[in-house]
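What follows is one structure encoded as structure tokens, with my remarks underneath.
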Amino acid sequence: MRLGLTALMLLLAGCSNVVSVEDTVEYKCGDQMVLAEYLDDGSVVLKINGQNTVLTRSKTDTVERYDNTAAKMTFTKKDSDSIYLSSDGNVYPMCVEVER
């Protein structure tokens, strides 16, 4: 019984998905600091004021767009110079990457 339970736990652990951070970028959107962690599954985690929000990538040919409809948050990258954040109806000024 104990061996069977151990084998089951190993099997379940092997089936779990592991997501890794591919890139981390800090942005300044007006007065708002945003830390973006781009994950290898195509999503992004935005850290704003101590809150983490996961946004999934939307299918589009022209821009990188990430959405979380429950949080009413959208993060759009048209190119490296045109990055926008909107959250709960608030559209922030264009975001710029913070170089450190």
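How things are named: the first chain in the structure tokens is A, the next is B, and so on; residues count from 1 in each chain; ligands count from 1 in the order shown.
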
- Item | Selection near Val25 in chain A, 7 Å with only C-alpha atoms, sequence-local residues under 4 positions removed, as a ChimeraX atom specification | /A:35-37

- Surrounding residues of Tyr84 in chain A excluding itself and chain neighbours under 3 positions, 6 Å, only C-alpha atoms, as an NGL selection string: :A and (75-76 or 94-95)

N, CA and C atoms of the current selection, written as a PDB file, in the first residue's frame:
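So selection.pdb came out as:
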ATOM      1  N   PHE A  75      -2.510  44.644 -21.042  1.00  0.00           N
ATOM      2  CA  PHE A  75      -1.141  45.119 -21.233  1.00  0.00           C
ATOM      3  C   PHE A  75      -0.807  44.886 -22.697  1.00  0.00           C
ATOM      4  N   THR A  76      -0.494  45.962 -23.420  1.00  0.00           N
ATOM      5  CA  THR A  76      -0.308  45.882 -24.864  1.00  0.00           C
ATOM      6  C   THR A  76       1.059  46.440 -25.254  1.00  0.00           C
ATOM      7  N   MET A  94       1.737  56.127 -21.522  1.00  0.00           N
ATOM      8  CA  MET A  94       2.593  55.152 -22.183  1.00  0.00           C
ATOM      9  C   MET A  94       3.718  54.695 -21.245  1.00  0.00           C
ATOM     10  N   CYS A  95       3.945  53.396 -21.229  1.00  0.00           N
ATOM     11  CA  CYS A  95       4.964  52.806 -20.346  1.00  0.00           C
ATOM     12  C   CYS A  95       6.340  52.871 -21.022  1.00  0.00           C
TER      13      CYS A  95
END

- Query: Do you know which residues are at most 9 Å from range 51-58 of chain A counting only C-alpha atoms, after dropping those on the same chain fewer than 4 positions away, and could you put them as an MDAnalysis selection string?
  - Reply: chainID A and resid 41:47 64:69 71 73:75

Limited to N, CA and C atoms, could you put the picked residues into a file as a CSV table (one decimal), in the first residue's frame?
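Saved to part.csv:
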chain,number,residue,atom,x,y,z
A,41,ASP,N,5.2,30.1,-20.9
A,41,ASP,CA,3.9,29.5,-21.4
A,41,ASP,C,3.1,30.6,-22.2
A,42,GLY,N,3.8,31.8,-22.4
A,42,GLY,CA,3.1,32.9,-23.2
A,42,GLY,C,2.3,33.8,-22.4
A,43,SER,N,2.3,33.7,-21.0
A,43,SER,CA,1.6,34.6,-20.2
A,43,SER,C,2.6,35.6,-19.5
A,44,VAL,N,2.1,36.6,-18.8
A,44,VAL,CA,2.9,37.5,-18.1
A,44,VAL,C,2.3,37.8,-16.8
A,45,VAL,N,3.2,37.9,-15.8
A,45,VAL,CA,2.7,38.3,-14.4
A,45,VAL,C,3.1,39.8,-14.2
A,46,LEU,N,2.1,40.6,-14.0
A,46,LEU,CA,2.4,42.0,-13.7
A,46,LEU,C,2.3,42.2,-12.2
A,47,LYS,N,3.4,42.8,-11.6
A,47,LYS,CA,3.4,43.1,-10.2
A,47,LYS,C,3.3,44.6,-10.1
A,64,GLU,N,1.6,42.5,-29.3
A,64,GLU,CA,1.5,41.6,-28.1
A,64,GLU,C,0.5,42.1,-27.2
A,65,ARG,N,-0.6,41.3,-26.9
A,65,ARG,CA,-1.6,41.8,-26.0
A,65,ARG,C,-1.9,40.7,-25.0
A,66,TYR,N,-1.9,41.2,-23.7
A,66,TYR,CA,-2.1,40.3,-22.6
A,66,TYR,C,-3.3,40.8,-21.9
A,67,ASP,N,-4.2,39.8,-21.5
A,67,ASP,CA,-5.5,40.2,-20.8
A,67,ASP,C,-5.8,39.4,-19.6
A,68,ASN,N,-6.5,40.0,-18.7
A,68,ASN,CA,-7.1,39.3,-17.5
A,68,ASN,C,-8.4,39.9,-17.4
A,69,THR,N,-9.5,39.3,-17.9
A,69,THR,CA,-10.8,39.9,-17.9
A,69,THR,C,-11.4,40.0,-16.5
A,71,ALA,N,-9.7,40.7,-13.7
A,71,ALA,CA,-9.1,41.8,-13.1
A,71,ALA,C,-9.3,43.1,-13.9
A,73,MET,N,-7.8,44.0,-16.7
A,73,MET,CA,-6.5,44.5,-17.0
A,73,MET,C,-6.0,44.1,-18.3
A,74,THR,N,-5.4,45.0,-19.1
A,74,THR,CA,-4.8,44.7,-20.4
A,74,THR,C,-3.5,45.4,-20.5
A,75,PHE,N,-2.5,44.6,-21.0
A,75,PHE,CA,-1.1,45.1,-21.2
A,75,PHE,C,-0.8,44.9,-22.7

- Task: Determine which residues of range 29-70 of chain A receive a DSSP assignment of strand (DSSP E or B), computed from the backbone, and state them as a ChimeraX atom specification.
- Result: /A:29,32-39,44-48,51-58,64-68

- Message: From the options A:Leu85, A:Val98, A:Ile48, A:Val18, which residue's atoms come nearest to Lys72 in chain A, counting only C-alpha atoms?
- Response: A:Leu85

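Of the residues in chain A, those given alpha helix (DSSP H) by DSSP on the backbone are Arg2, Leu3, Gly4, Leu5, Thr6, Ala7, Leu8, Met9, Leu10, Leu11, Leu12, Ala13, Gly14 and Cys15 of chain A.
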
Those same residues - C-alpha atoms - I'd like them written as a tab-separated table (two decimals), in the first residue's frame.
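Now in selection_20.tsv:
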chain	number	residue	atom	x	y	z
A	2	ARG	CA	2.74	2.44	0.97
A	3	LEU	CA	4.70	1.70	-2.22
A	4	GLY	CA	1.58	2.25	-4.33
A	5	LEU	CA	0.93	5.61	-2.69
A	6	THR	CA	4.54	6.68	-3.25
A	7	ALA	CA	4.36	5.64	-6.91
A	8	LEU	CA	1.11	7.59	-7.33
A	9	MET	CA	2.65	10.72	-5.79
A	10	LEU	CA	5.66	10.46	-8.14
A	11	LEU	CA	3.38	10.01	-11.13
A	12	LEU	CA	1.31	13.07	-10.21
A	13	ALA	CA	4.44	15.13	-9.61
A	14	GLY	CA	5.72	14.16	-13.05
A	15	CYS	CA	2.48	15.32	-14.68

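Distance-wise, CA of Thr60 in chain A and CA of Glu99 in chain A end up 28.0 Å apart.
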
- Pick out the closest residue to Ile83 in chain A from this set: A:Lys59, A:Ala70, A:Asn49, A:Gly30. Count only C-alpha atoms. A:Gly30

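Atom to atom, CA of Thr62 in chain A and CA of Lys78 in chain A stand 7.2 Å apart.
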
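Here CA of Tyr38 in chain A is placed at a distance of 8.6 Å from CA of Ser20 in chain A.
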
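Within 7 Å of Cys29 in chain A, once only C-alpha atoms are used and residues closer than 3 positions along the same chain are dropped, the contacting residues are A:Gln32, A:Met33, A:Tyr92, A:Pro93, A:Met94, A:Cys95, A:Val96.
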